[in-house]
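Only one structure is covered here, and it is reproduced in the block below.
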Number of protein chains: 2
Amino acid sequence: MSADHPGAGTSATSTDDVVALLWRRATPARRGPKPRFSVDAIVAAATEIADDRGLDAVTMQAVAARLGTTKMALYRYVPGRVELDALLLDAALGAAPPAATGAGWRAALTGWAGSVHARALARPWSVELAQRPHVPGPVELAWFEAGLAAFGDLPLTGAEKLDTLALLVGHVMSLVRQQPRGASPEGDLAAGLGPVLAEHADDYPLTVAAFADAEPGGHDDALRFGVARVVAGVAALAAERA
Amino acid sequence: MSADHPGAGTSATSTDDVVALLWRRATPARRGPKPRFSVDAIVAAATEIADDRGLDAVTMQAVAARLGTTKMALYRYVPGRVELDALLLDAALGAAPPAATGAGWRAALTGWAGSVHARALARPWSVELAQRPHVPGPVELAWFEAGLAAFGDLPLTGAEKLDTLALLVGHVMSLVRQQPRGASPEGDLAAGLGPVLAEHADDYPLTVAAFADAEPGGHDDALRFGVARVVAGVAALAAERA
DNA sequence: CTTAATTGCGTCTGAAGGACACAGTAAACA
DNA sequence: TGTTTACTGTGTCCTTCAGACGCAATTAAG
């Protein structure tokens, strides 16, 4: 059940199967009829659906409909929904992360965070996928690799570098989540928050005050501020070690 | 449909309805039979289920079964699943956040982050709820209020304080997500990551190296490191303004 | 040209959220 | 005290989704 990847076993997939799919490991030799579709075609269709109707609209039936086939035909290529999500995420992260510029670690790290932000903003639904437990794909690992490269020869341990990247990614994703999404009608945290705060202003004076001047720069300022704080914090650590 | 809260209208709830539920706004006068249950009882039952079988196990039927009734009876108290989630989250955040100690803003902010971490770790499923778009409840706002209080009289704008809190919360939640959960069998990012990295070590040299020395302190170190970096970053900003 | 592996896909099942109707109940009012 | 009437309790039905299973069609290997 773990060896034949486009095999019949539908569910209960192990990590190995997901990995095989993510790396597009080729299947040895096929005898029967030639496959009409491919994993890439399915992922592309699913991506299109997610892009214009949101992640919830990505059901097996919807993907199949877009490809002009039926739901069960897809299970020959993708074991199940979980695996499709993993593929979808790695595809959403793009082809390759931009290489770190040679202008020092601060600029490199800031630039990396900006790239992550741009990608996440372009496909907000990828954030949802990225934040649930999943097996990382080749592209996601490449992003990590690029992020680690940004540190140059700073005197940090590997764990510290990873934690710093996690910090940045966490911040970026929090921001993207709060972005008002046109598609989903409920969205927008701040919109619903306004009336609530107004009604209970007495109980949360600091919060009301803080949100009062939170308007101007908004999203982009929040990104810059957070990244700058982290970079400054790392710089402080590096300074006290040097 | 928006006025009578325990009313018959089942779905398509607006923000107002959620708010009314979260603040346990009392219903004016009841004529018919007395309600057998209460919102609190339902939330308590749902919380118990989430605690020992995970968030996915919290279905209307499961909650009803635990209360000894049927699924549809619950819809008299809670309009739908979304509203139940909101109630569940606010309940999971605990009764009241601990007050900031008077030992300076660094200690206060660090302590606040630690408290958030402790709460999130106690109920890992609350992280899932907290990170999807939702209307904040009274307890969540109280946490924000406490977090803002921790800054004391630092020369930061309200937006900057909020961004800092978001940064800390984002980090804490990332960490809790990566915590191996006993209940859900798939979990553990790092466990699945090992074999993958081993197989493609050549392509991701930095990542492999970073994970190699990431073992020792682990989770708690990551928390401390991240919070310390943010605090240092804020300190740097405050210093250059003073 | 036979054989066997492999694909395409229709049908069924189970679980989930939710709509709706109707019966039972108890407070308000005459 | 009796009647009205709003409100609760809940059984039944519908829709959507993921997935299991089986069988017919296809085509490369021998």
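Convention: chains lettered A, B, ... in structure tokens order; per-chain residue numbering from 1; ligands numbered from 1 as shown.
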Closest atom pairs, chain A residues within 6 Å of chain D, only C-alpha atoms (C1' of nucleotides), as JSON lines:
{"residue": "A:Arg31", "atom": "CA", "partner": "D:DA28", "partner_atom": "C1'", "distance": 4.7}
{"residue": "A:Gly32", "atom": "CA", "partner": "D:DT27", "partner_atom": "C1'", "distance": 4.9}
{"residue": "A:Pro33", "atom": "CA", "partner": "D:DT26", "partner_atom": "C1'", "distance": 4.9}
Take the residues just selected and output them with C-alpha atoms as a short mmCIF file (atom, residue, chain, number, x, y, z; two decimals), in the first residue's frame.
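File produced: again-v4.cif:
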data_model
loop_
_atom_site.label_atom_id
_atom_site.label_comp_id
_atom_site.auth_asym_id
_atom_site.auth_seq_id
_atom_site.Cartn_x
_atom_site.Cartn_y
_atom_site.Cartn_z
CA ARG A 31 1.23 -1.25 -18.51
CA GLY A 32 -2.42 -0.31 -18.78
CA PRO A 33 -4.00 2.67 -20.49
#
Chain B contacts to chain A at 8 Å (only C-alpha atoms) as number ranges by chain
B: 15, 19, 131-136, 141-142, 144-145, 148-149, 157-164, 166-167, 170-171, 174, 177-178, 187-189, 192-193, 196, 204-207, 209-215, 222, 225-226, 228-234, 236-237
Residues of chain B near chain C: apply a cut-off of 9 Å, count only C-alpha atoms (C1' of nucleotides), and supply the list as a ChimeraX atom specification.
/B:10-11,30-34,59-60,80-81
May I have chain A as an mmCIF file with C-alpha atoms, in the first residue's frame, after a least-squares superposition on chain B that uses all C-alpha atoms paired in order?
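After the write, superposed_11.cif holds the following:
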data_model
loop_
_atom_site.group_PDB
_atom_site.id
_atom_site.type_symbol
_atom_site.label_atom_id
_atom_site.label_comp_id
_atom_site.auth_asym_id
_atom_site.auth_seq_id
_atom_site.Cartn_x
_atom_site.Cartn_y
_atom_site.Cartn_z
ATOM 1 C CA MET A 1 -33.765 37.428 12.721
ATOM 2 C CA SER A 2 -31.203 39.440 14.580
ATOM 3 C CA ALA A 3 -33.228 40.350 17.622
ATOM 4 C CA ASP A 4 -34.400 37.093 19.148
ATOM 5 C CA HIS A 5 -31.198 35.313 19.962
ATOM 6 C CA PRO A 6 -32.259 31.863 21.020
ATOM 7 C CA GLY A 7 -34.670 32.167 18.149
ATOM 8 C CA ALA A 8 -35.534 29.782 15.398
ATOM 9 C CA GLY A 9 -33.467 31.292 12.607
ATOM 10 C CA THR A 10 -30.711 28.763 12.332
ATOM 11 C CA SER A 11 -28.067 30.006 9.950
ATOM 12 C CA ALA A 12 -26.864 33.199 8.268
ATOM 13 C CA THR A 13 -25.971 34.727 11.600
ATOM 14 C CA SER A 14 -24.547 38.201 11.614
ATOM 15 C CA THR A 15 -21.763 39.520 13.769
ATOM 16 C CA ASP A 16 -24.327 40.932 16.161
ATOM 17 C CA ASP A 17 -25.632 37.514 17.065
ATOM 18 C CA VAL A 18 -22.178 36.223 17.823
ATOM 19 C CA VAL A 19 -21.469 39.242 19.957
ATOM 20 C CA ALA A 20 -24.690 38.781 21.865
ATOM 21 C CA LEU A 21 -23.755 35.213 22.598
ATOM 22 C CA LEU A 22 -20.196 35.976 23.558
ATOM 23 C CA TRP A 23 -21.301 38.530 26.086
ATOM 24 C CA ARG A 24 -24.122 36.275 27.294
ATOM 25 C CA ARG A 25 -26.609 39.017 26.695
ATOM 26 C CA ALA A 26 -29.755 38.019 28.536
ATOM 27 C CA THR A 27 -32.974 37.526 26.664
ATOM 28 C CA PRO A 28 -35.783 39.804 27.877
ATOM 29 C CA ALA A 29 -38.641 37.574 29.030
ATOM 30 C CA ARG A 30 -39.507 33.995 28.305
ATOM 31 C CA ARG A 31 -42.944 32.621 28.156
ATOM 32 C CA GLY A 32 -42.765 28.995 27.089
ATOM 33 C CA PRO A 33 -41.130 26.063 28.839
ATOM 34 C CA LYS A 34 -37.913 26.663 30.692
ATOM 35 C CA PRO A 35 -34.762 25.828 28.797
ATOM 36 C CA ARG A 36 -33.246 22.527 29.849
ATOM 37 C CA PHE A 37 -29.736 23.629 29.039
ATOM 38 C CA SER A 38 -27.698 26.777 28.807
ATOM 39 C CA VAL A 39 -25.065 28.179 26.527
ATOM 40 C CA ASP A 40 -22.471 27.606 29.215
ATOM 41 C CA ALA A 41 -23.400 23.965 29.595
ATOM 42 C CA ILE A 42 -23.108 23.444 25.869
ATOM 43 C CA VAL A 43 -19.777 25.192 25.709
ATOM 44 C CA ALA A 44 -18.533 23.152 28.643
ATOM 45 C CA ALA A 45 -19.536 19.923 26.953
ATOM 46 C CA ALA A 46 -17.901 20.965 23.711
ATOM 47 C CA THR A 47 -14.747 21.894 25.579
ATOM 48 C CA GLU A 48 -14.558 18.493 27.205
ATOM 49 C CA ILE A 49 -14.857 16.815 23.849
ATOM 50 C CA ALA A 50 -12.192 19.021 22.321
ATOM 51 C CA ASP A 51 -9.915 18.327 25.245
ATOM 52 C CA ASP A 52 -9.900 14.607 24.893
ATOM 53 C CA ARG A 53 -10.745 13.922 21.263
ATOM 54 C CA GLY A 54 -9.596 17.038 19.456
ATOM 55 C CA LEU A 55 -11.368 19.868 17.737
ATOM 56 C CA ASP A 56 -12.557 17.756 14.833
ATOM 57 C CA ALA A 57 -14.521 15.587 17.226
ATOM 58 C CA VAL A 58 -16.589 18.584 18.270
ATOM 59 C CA THR A 59 -19.671 18.080 16.151
ATOM 60 C CA MET A 60 -23.165 19.057 17.055
ATOM 61 C CA GLN A 61 -24.087 15.431 17.483
ATOM 62 C CA ALA A 62 -21.148 14.731 19.766
ATOM 63 C CA VAL A 63 -21.962 17.693 21.971
ATOM 64 C CA ALA A 64 -25.605 16.716 22.089
ATOM 65 C CA ALA A 65 -24.732 13.141 22.974
ATOM 66 C CA ARG A 66 -22.616 14.279 25.880
ATOM 67 C CA LEU A 67 -25.488 16.355 27.178
ATOM 68 C CA GLY A 68 -27.902 13.488 26.744
ATOM 69 C CA THR A 69 -30.001 15.124 24.080
ATOM 70 C CA THR A 70 -30.228 15.265 20.318
ATOM 71 C CA LYS A 71 -28.402 17.454 17.890
ATOM 72 C CA MET A 72 -31.257 19.728 16.922
ATOM 73 C CA ALA A 73 -32.020 20.659 20.503
ATOM 74 C CA LEU A 74 -28.747 22.556 20.593
ATOM 75 C CA TYR A 75 -29.734 24.880 17.806
ATOM 76 C CA ARG A 76 -32.118 26.560 20.225
ATOM 77 C CA TYR A 77 -29.127 27.842 22.153
ATOM 78 C CA VAL A 78 -26.390 28.181 19.571
ATOM 79 C CA PRO A 79 -27.203 29.345 16.047
ATOM 80 C CA GLY A 80 -24.600 27.169 14.372
ATOM 81 C CA ARG A 81 -21.155 25.804 14.260
ATOM 82 C CA VAL A 82 -19.392 29.120 13.686
ATOM 83 C CA GLU A 83 -20.921 30.609 16.797
ATOM 84 C CA LEU A 84 -20.028 27.556 18.826
ATOM 85 C CA ASP A 85 -16.437 27.958 17.722
ATOM 86 C CA ALA A 86 -16.387 31.553 18.866
ATOM 87 C CA LEU A 87 -17.772 30.597 22.260
ATOM 88 C CA LEU A 88 -15.362 27.705 22.511
ATOM 89 C CA LEU A 89 -12.402 29.938 21.842
ATOM 90 C CA ASP A 90 -13.301 32.528 24.396
ATOM 91 C CA ALA A 91 -13.937 29.836 26.969
ATOM 92 C CA ALA A 92 -10.601 28.213 26.199
ATOM 93 C CA LEU A 93 -8.746 31.430 26.853
ATOM 94 C CA GLY A 94 -9.656 31.103 30.497
ATOM 95 C CA ALA A 95 -11.422 33.268 32.973
ATOM 96 C CA ALA A 96 -9.061 36.211 33.228
ATOM 97 C CA PRO A 97 -5.527 36.933 32.145
ATOM 98 C CA PRO A 98 -3.032 37.440 34.956
ATOM 99 C CA ALA A 99 -2.277 41.050 35.743
ATOM 100 C CA ALA A 100 1.070 42.419 34.662
ATOM 101 C CA THR A 101 3.574 42.578 37.463
ATOM 102 C CA GLY A 102 5.102 45.918 38.284
ATOM 103 C CA ALA A 103 8.664 44.808 37.571
ATOM 104 C CA GLY A 104 9.219 46.806 34.437
ATOM 105 C CA TRP A 105 7.907 46.453 30.938
ATOM 106 C CA ARG A 106 10.388 43.784 29.852
ATOM 107 C CA ALA A 107 9.370 41.399 32.579
ATOM 108 C CA ALA A 108 5.719 42.275 32.134
ATOM 109 C CA LEU A 109 5.754 41.654 28.398
ATOM 110 C CA THR A 110 7.773 38.469 28.751
ATOM 111 C CA GLY A 111 5.426 37.276 31.431
ATOM 112 C CA TRP A 112 2.426 38.063 29.307
ATOM 113 C CA ALA A 113 3.824 36.051 26.409
ATOM 114 C CA GLY A 114 4.525 33.214 28.807
ATOM 115 C CA SER A 115 0.949 33.273 30.039
ATOM 116 C CA VAL A 116 -0.369 33.193 26.512
ATOM 117 C CA HIS A 117 1.877 30.266 25.827
ATOM 118 C CA ALA A 118 0.763 28.372 28.898
ATOM 119 C CA ARG A 119 -2.879 28.808 28.038
ATOM 120 C CA ALA A 120 -2.389 27.827 24.432
ATOM 121 C CA LEU A 121 -0.380 24.788 25.392
ATOM 122 C CA ALA A 122 -3.055 23.677 27.815
ATOM 123 C CA ARG A 123 -5.621 23.693 25.008
ATOM 124 C CA PRO A 124 -3.802 23.281 21.705
ATOM 125 C CA TRP A 125 -7.051 23.259 19.769
ATOM 126 C CA SER A 126 -7.713 26.830 20.784
ATOM 127 C CA VAL A 127 -4.852 27.905 18.563
ATOM 128 C CA GLU A 128 -6.635 26.568 15.544
ATOM 129 C CA LEU A 129 -9.687 28.624 16.449
ATOM 130 C CA ALA A 130 -7.723 31.726 17.315
ATOM 131 C CA GLN A 131 -5.941 31.785 13.980
ATOM 132 C CA ARG A 132 -8.969 31.691 11.783
ATOM 133 C CA PRO A 133 -10.892 34.920 11.303
ATOM 134 C CA HIS A 134 -13.280 35.412 14.193
ATOM 135 C CA VAL A 135 -15.043 37.934 16.344
ATOM 136 C CA PRO A 136 -13.086 38.473 19.544
ATOM 137 C CA GLY A 137 -14.881 37.731 22.775
ATOM 138 C CA PRO A 138 -14.654 39.453 26.127
ATOM 139 C CA VAL A 139 -11.840 37.261 27.404
ATOM 140 C CA GLU A 140 -9.757 37.676 24.295
ATOM 141 C CA LEU A 141 -10.139 41.428 24.555
ATOM 142 C CA ALA A 142 -9.142 41.257 28.191
ATOM 143 C CA TRP A 143 -5.946 39.506 27.158
ATOM 144 C CA PHE A 144 -5.228 42.277 24.698
ATOM 145 C CA GLU A 145 -5.902 44.823 27.380
ATOM 146 C CA ALA A 146 -3.497 43.116 29.730
ATOM 147 C CA GLY A 147 -0.884 42.915 27.005
ATOM 148 C CA LEU A 148 -1.152 46.607 26.268
ATOM 149 C CA ALA A 149 -0.859 47.405 29.943
ATOM 150 C CA ALA A 150 2.462 45.588 30.030
ATOM 151 C CA PHE A 151 4.098 48.318 27.954
ATOM 152 C CA GLY A 152 3.742 50.842 30.732
ATOM 153 C CA ASP A 153 4.774 54.254 29.495
ATOM 154 C CA LEU A 154 7.057 53.150 26.700
ATOM 155 C CA PRO A 155 7.155 55.693 23.858
ATOM 156 C CA LEU A 156 5.291 53.529 21.343
ATOM 157 C CA THR A 157 2.177 54.300 19.371
ATOM 158 C CA GLY A 158 -0.923 52.214 19.856
ATOM 159 C CA ALA A 159 -0.433 50.579 16.492
ATOM 160 C CA GLU A 160 3.109 49.646 17.399
ATOM 161 C CA LYS A 161 2.022 48.086 20.652
ATOM 162 C CA LEU A 162 -0.642 46.089 18.890
ATOM 163 C CA ASP A 163 1.838 44.943 16.282
ATOM 164 C CA THR A 164 4.216 43.844 18.990
ATOM 165 C CA LEU A 165 1.534 41.812 20.682
ATOM 166 C CA ALA A 166 0.594 40.274 17.369
ATOM 167 C CA LEU A 167 4.207 39.372 16.836
ATOM 168 C CA LEU A 168 4.391 37.626 20.183
ATOM 169 C CA VAL A 169 1.103 35.838 19.756
ATOM 170 C CA GLY A 170 2.062 34.685 16.303
ATOM 171 C CA HIS A 171 5.253 33.218 17.635
ATOM 172 C CA VAL A 172 3.596 31.458 20.526
ATOM 173 C CA MET A 173 0.986 29.930 18.283
ATOM 174 C CA SER A 174 3.518 28.736 15.751
ATOM 175 C CA LEU A 175 5.302 26.930 18.526
ATOM 176 C CA VAL A 176 2.198 25.341 19.954
ATOM 177 C CA ARG A 177 1.225 24.109 16.505
ATOM 178 C CA GLN A 178 4.508 22.299 16.134
ATOM 179 C CA GLN A 179 4.113 20.581 19.472
ATOM 180 C CA PRO A 180 3.630 16.848 18.971
ATOM 181 C CA ARG A 181 0.025 16.148 19.886
ATOM 182 C CA GLY A 182 -0.674 12.795 21.391
ATOM 183 C CA ALA A 183 -4.237 12.640 20.235
ATOM 184 C CA SER A 184 -3.970 13.301 16.534
ATOM 185 C CA PRO A 185 -1.954 10.542 14.927
ATOM 186 C CA GLU A 186 -0.578 12.503 11.979
ATOM 187 C CA GLY A 187 1.002 15.478 13.848
ATOM 188 C CA ASP A 188 4.611 16.222 14.557
ATOM 189 C CA LEU A 189 6.241 18.261 11.876
ATOM 190 C CA ALA A 190 9.763 17.432 12.890
ATOM 191 C CA ALA A 191 9.123 13.695 12.959
ATOM 192 C CA GLY A 192 8.061 13.604 9.341
ATOM 193 C CA LEU A 193 10.719 16.101 8.451
ATOM 194 C CA GLY A 194 13.626 13.943 9.526
ATOM 195 C CA PRO A 195 13.487 11.275 6.832
ATOM 196 C CA VAL A 196 12.674 13.830 4.169
ATOM 197 C CA LEU A 197 15.703 15.907 4.974
ATOM 198 C CA ALA A 198 17.913 12.861 5.161
ATOM 199 C CA GLU A 199 16.908 11.862 1.673
ATOM 200 C CA HIS A 200 17.501 15.254 0.140
ATOM 201 C CA ALA A 201 20.336 16.440 2.329
ATOM 202 C CA ASP A 202 22.350 17.658 -0.647
ATOM 203 C CA ASP A 203 19.684 20.091 -1.760
ATOM 204 C CA TYR A 204 19.201 21.729 1.618
ATOM 205 C CA PRO A 205 22.560 21.835 3.362
ATOM 206 C CA LEU A 206 21.786 24.788 5.604
ATOM 207 C CA THR A 207 18.455 23.391 6.675
ATOM 208 C CA VAL A 208 19.969 20.038 7.531
ATOM 209 C CA ALA A 209 22.703 21.716 9.499
ATOM 210 C CA ALA A 210 20.257 23.929 11.345
ATOM 211 C CA PHE A 211 18.031 21.055 12.359
ATOM 212 C CA ALA A 212 21.033 19.041 13.426
ATOM 213 C CA ASP A 213 21.624 21.195 16.497
ATOM 214 C CA ALA A 214 17.991 22.087 17.053
ATOM 215 C CA GLU A 215 17.355 19.238 19.474
ATOM 216 C CA PRO A 216 18.598 20.161 22.967
ATOM 217 C CA GLY A 217 16.398 22.847 24.484
ATOM 218 C CA GLY A 218 13.637 22.456 21.979
ATOM 219 C CA HIS A 219 10.282 23.992 22.529
ATOM 220 C CA ASP A 220 10.888 26.096 25.621
ATOM 221 C CA ASP A 221 14.106 27.523 24.286
ATOM 222 C CA ALA A 222 12.363 28.541 21.100
ATOM 223 C CA LEU A 223 9.766 30.400 23.124
ATOM 224 C CA ARG A 224 12.290 32.194 25.247
ATOM 225 C CA PHE A 225 14.475 33.046 22.280
ATOM 226 C CA GLY A 226 11.663 34.503 20.211
ATOM 227 C CA VAL A 227 10.220 36.566 23.026
ATOM 228 C CA ALA A 228 13.649 37.811 23.999
ATOM 229 C CA ARG A 229 14.354 38.913 20.425
ATOM 230 C CA VAL A 230 11.129 40.842 20.221
ATOM 231 C CA VAL A 231 11.675 42.479 23.571
ATOM 232 C CA ALA A 232 15.201 43.398 22.537
ATOM 233 C CA GLY A 233 13.891 44.820 19.284
ATOM 234 C CA VAL A 234 11.345 46.938 21.113
ATOM 235 C CA ALA A 235 13.989 48.070 23.543
ATOM 236 C CA ALA A 236 16.170 49.186 20.661
ATOM 237 C CA LEU A 237 13.325 51.243 19.274
ATOM 238 C CA ALA A 238 12.539 52.802 22.639
ATOM 239 C CA ALA A 239 16.204 53.570 23.181
ATOM 240 C CA GLU A 240 16.582 55.454 19.935
ATOM 241 C CA ARG A 241 13.551 57.522 20.788
ATOM 242 C CA ALA A 242 14.604 58.368 24.308
#
Apply DSSP to the structure's backbone, then extract all residues of chain A labelled alpha helix (DSSP H) and return them as an NGL selection string.
:A and (15-22 or 39-53 or 60-67 or 71-74 or 81-92 or 105-122 or 125-131 or 138-149 or 158-178 or 189-199 or 205-212 or 219-241)
Include C-alpha atoms and write out the residues we just selected as a compact mmCIF listing (two decimals), in the first residue's frame.
# COMPACT_ATOMS: atom_id res chain seq x y z
CA THR A 15 4.08 10.29 5.19
CA ASP A 16 6.01 8.40 2.55
CA ASP A 17 3.20 8.65 0.06
CA VAL A 18 2.90 12.37 0.53
CA VAL A 19 6.62 12.77 0.11
CA ALA A 20 6.58 10.73 -3.06
CA LEU A 21 3.89 12.95 -4.47
CA LEU A 22 5.51 16.18 -3.42
CA VAL A 39 -0.79 15.39 -10.70
CA ASP A 40 0.28 18.79 -11.96
CA ALA A 41 -2.91 19.26 -13.93
CA ILE A 42 -4.98 18.40 -10.89
CA VAL A 43 -3.01 20.73 -8.68
CA ALA A 44 -3.34 23.49 -11.25
CA ALA A 45 -7.09 23.05 -11.39
CA ALA A 46 -7.36 23.05 -7.63
CA THR A 47 -5.25 26.18 -7.45
CA GLU A 48 -7.51 27.99 -9.87
CA ILE A 49 -10.52 27.11 -7.80
CA ALA A 50 -8.86 28.23 -4.59
CA ASP A 51 -7.84 31.47 -6.23
CA ASP A 52 -11.28 32.55 -7.20
CA ARG A 53 -13.62 30.77 -4.81
CA MET A 60 -12.77 16.72 -5.11
CA GLN A 61 -15.92 17.21 -7.11
CA ALA A 62 -15.10 20.81 -7.93
CA VAL A 63 -11.62 19.91 -9.11
CA ALA A 64 -12.97 17.04 -11.16
CA ALA A 65 -15.61 19.26 -12.72
CA ARG A 66 -13.01 21.76 -13.80
CA LEU A 67 -11.02 19.01 -15.45
CA LYS A 71 -14.59 12.89 -8.68
CA MET A 72 -13.43 9.31 -8.38
CA ALA A 73 -11.13 9.57 -11.37
CA LEU A 74 -8.93 11.89 -9.34
CA ARG A 81 -7.74 15.38 0.39
CA VAL A 82 -4.81 15.68 2.78
CA GLU A 83 -2.34 14.92 0.03
CA LEU A 84 -4.01 17.38 -2.29
CA ASP A 85 -3.61 20.05 0.36
CA ALA A 86 0.08 19.34 0.66
CA LEU A 87 0.53 19.59 -3.09
CA LEU A 88 -1.56 22.72 -3.21
CA LEU A 89 0.56 24.39 -0.58
CA ASP A 90 3.85 23.65 -2.21
CA ALA A 91 2.51 24.84 -5.54
CA ALA A 92 1.22 28.03 -3.97
CA TRP A 105 22.18 40.18 6.57
CA ARG A 106 19.70 42.85 7.66
CA ALA A 107 18.65 43.65 4.14
CA ALA A 108 18.69 40.00 3.18
CA LEU A 109 16.49 38.94 6.08
CA THR A 110 14.13 41.86 5.60
CA GLY A 111 13.92 41.09 1.93
CA TRP A 112 13.23 37.46 2.62
CA ALA A 113 10.37 38.34 4.96
CA GLY A 114 9.03 40.69 2.32
CA SER A 115 9.10 37.94 -0.28
CA VAL A 116 7.27 35.59 2.03
CA HIS A 117 4.71 38.27 2.60
CA ALA A 118 4.23 38.95 -1.08
CA ARG A 119 3.70 35.30 -1.84
CA ALA A 120 1.31 34.80 1.03
CA LEU A 121 -0.66 37.87 0.09
CA ALA A 122 -0.96 36.70 -3.48
CA TRP A 125 -5.48 30.54 1.25
CA SER A 126 -1.97 29.16 1.33
CA VAL A 127 -1.58 30.58 4.81
CA GLU A 128 -4.36 28.39 6.06
CA LEU A 129 -2.59 25.35 4.65
CA ALA A 130 0.82 26.40 5.87
CA GLN A 131 -0.34 26.80 9.44
CA PRO A 138 10.54 20.84 -1.89
CA VAL A 139 9.58 24.47 -2.44
CA GLU A 140 8.88 25.10 1.21
CA LEU A 141 12.25 23.66 2.10
CA ALA A 142 13.86 25.84 -0.53
CA TRP A 143 12.32 28.87 1.16
CA PHE A 144 13.79 27.77 4.46
CA GLU A 145 17.13 27.29 2.80
CA ALA A 146 17.02 30.77 1.35
CA GLY A 147 16.02 32.20 4.70
CA LEU A 148 18.92 30.53 6.45
CA ALA A 149 21.29 31.80 3.81
CA GLY A 158 21.07 26.73 13.76
CA ALA A 159 18.21 26.53 16.21
CA GLU A 160 18.31 30.27 16.72
CA LYS A 161 18.21 30.93 13.01
CA LEU A 162 15.27 28.61 12.61
CA ASP A 163 13.46 30.26 15.48
CA THR A 164 14.04 33.65 13.93
CA LEU A 165 12.60 32.51 10.64
CA ALA A 166 9.63 31.03 12.44
CA LEU A 167 9.13 34.32 14.18
CA LEU A 168 9.09 36.20 10.90
CA VAL A 169 6.84 33.72 9.18
CA GLY A 170 4.43 33.74 12.07
CA HIS A 171 4.19 37.49 11.89
CA VAL A 172 3.67 37.58 8.16
CA MET A 173 0.94 34.99 8.34
CA SER A 174 -0.86 36.74 11.16
CA LEU A 175 -0.97 39.84 9.04
CA VAL A 176 -2.20 38.10 5.93
CA ARG A 177 -4.96 36.45 7.94
CA GLN A 178 -6.24 39.80 9.09
CA LEU A 189 -11.44 41.15 12.01
CA ALA A 190 -11.21 44.87 12.46
CA ALA A 191 -14.57 45.53 10.85
CA GLY A 192 -16.41 43.37 13.34
CA LEU A 193 -14.21 44.62 16.11
CA GLY A 194 -15.21 48.24 15.78
CA PRO A 195 -18.79 48.04 17.05
CA VAL A 196 -17.82 45.59 19.76
CA LEU A 197 -15.18 47.88 21.15
CA ALA A 198 -17.47 50.87 20.94
CA GLU A 199 -20.05 49.10 23.04
CA PRO A 205 -9.65 51.49 27.56
CA LEU A 206 -6.16 50.63 26.36
CA THR A 207 -7.41 48.51 23.51
CA VAL A 208 -9.77 51.21 22.34
CA ALA A 209 -7.01 53.76 22.50
CA ALA A 210 -4.60 51.53 20.63
CA PHE A 211 -7.02 50.84 17.82
CA ALA A 212 -7.89 54.50 17.59
CA HIS A 219 -1.06 46.56 6.95
CA ASP A 220 2.26 47.49 5.37
CA ASP A 221 3.40 49.41 8.40
CA ALA A 222 2.64 46.45 10.60
CA LEU A 223 4.80 44.26 8.40
CA ARG A 224 7.69 46.65 8.38
CA PHE A 225 7.46 47.28 12.10
CA GLY A 226 7.41 43.62 13.06
CA VAL A 227 10.27 42.66 10.78
CA ALA A 228 12.31 45.62 11.93
CA ARG A 229 11.81 44.66 15.58
CA VAL A 230 12.95 41.13 14.97
CA VAL A 231 15.96 42.24 12.99
CA ALA A 232 16.83 44.71 15.73
CA GLY A 233 16.46 41.98 18.33
CA VAL A 234 18.77 39.68 16.40
CA ALA A 235 21.23 42.49 15.95
CA ALA A 236 21.26 43.07 19.69
CA LEU A 237 22.05 39.42 20.27
CA ALA A 238 24.80 39.39 17.66
CA ALA A 239 26.26 42.57 19.11
CA GLU A 240 26.55 41.18 22.61
CA ARG A 241 28.31 38.14 21.25
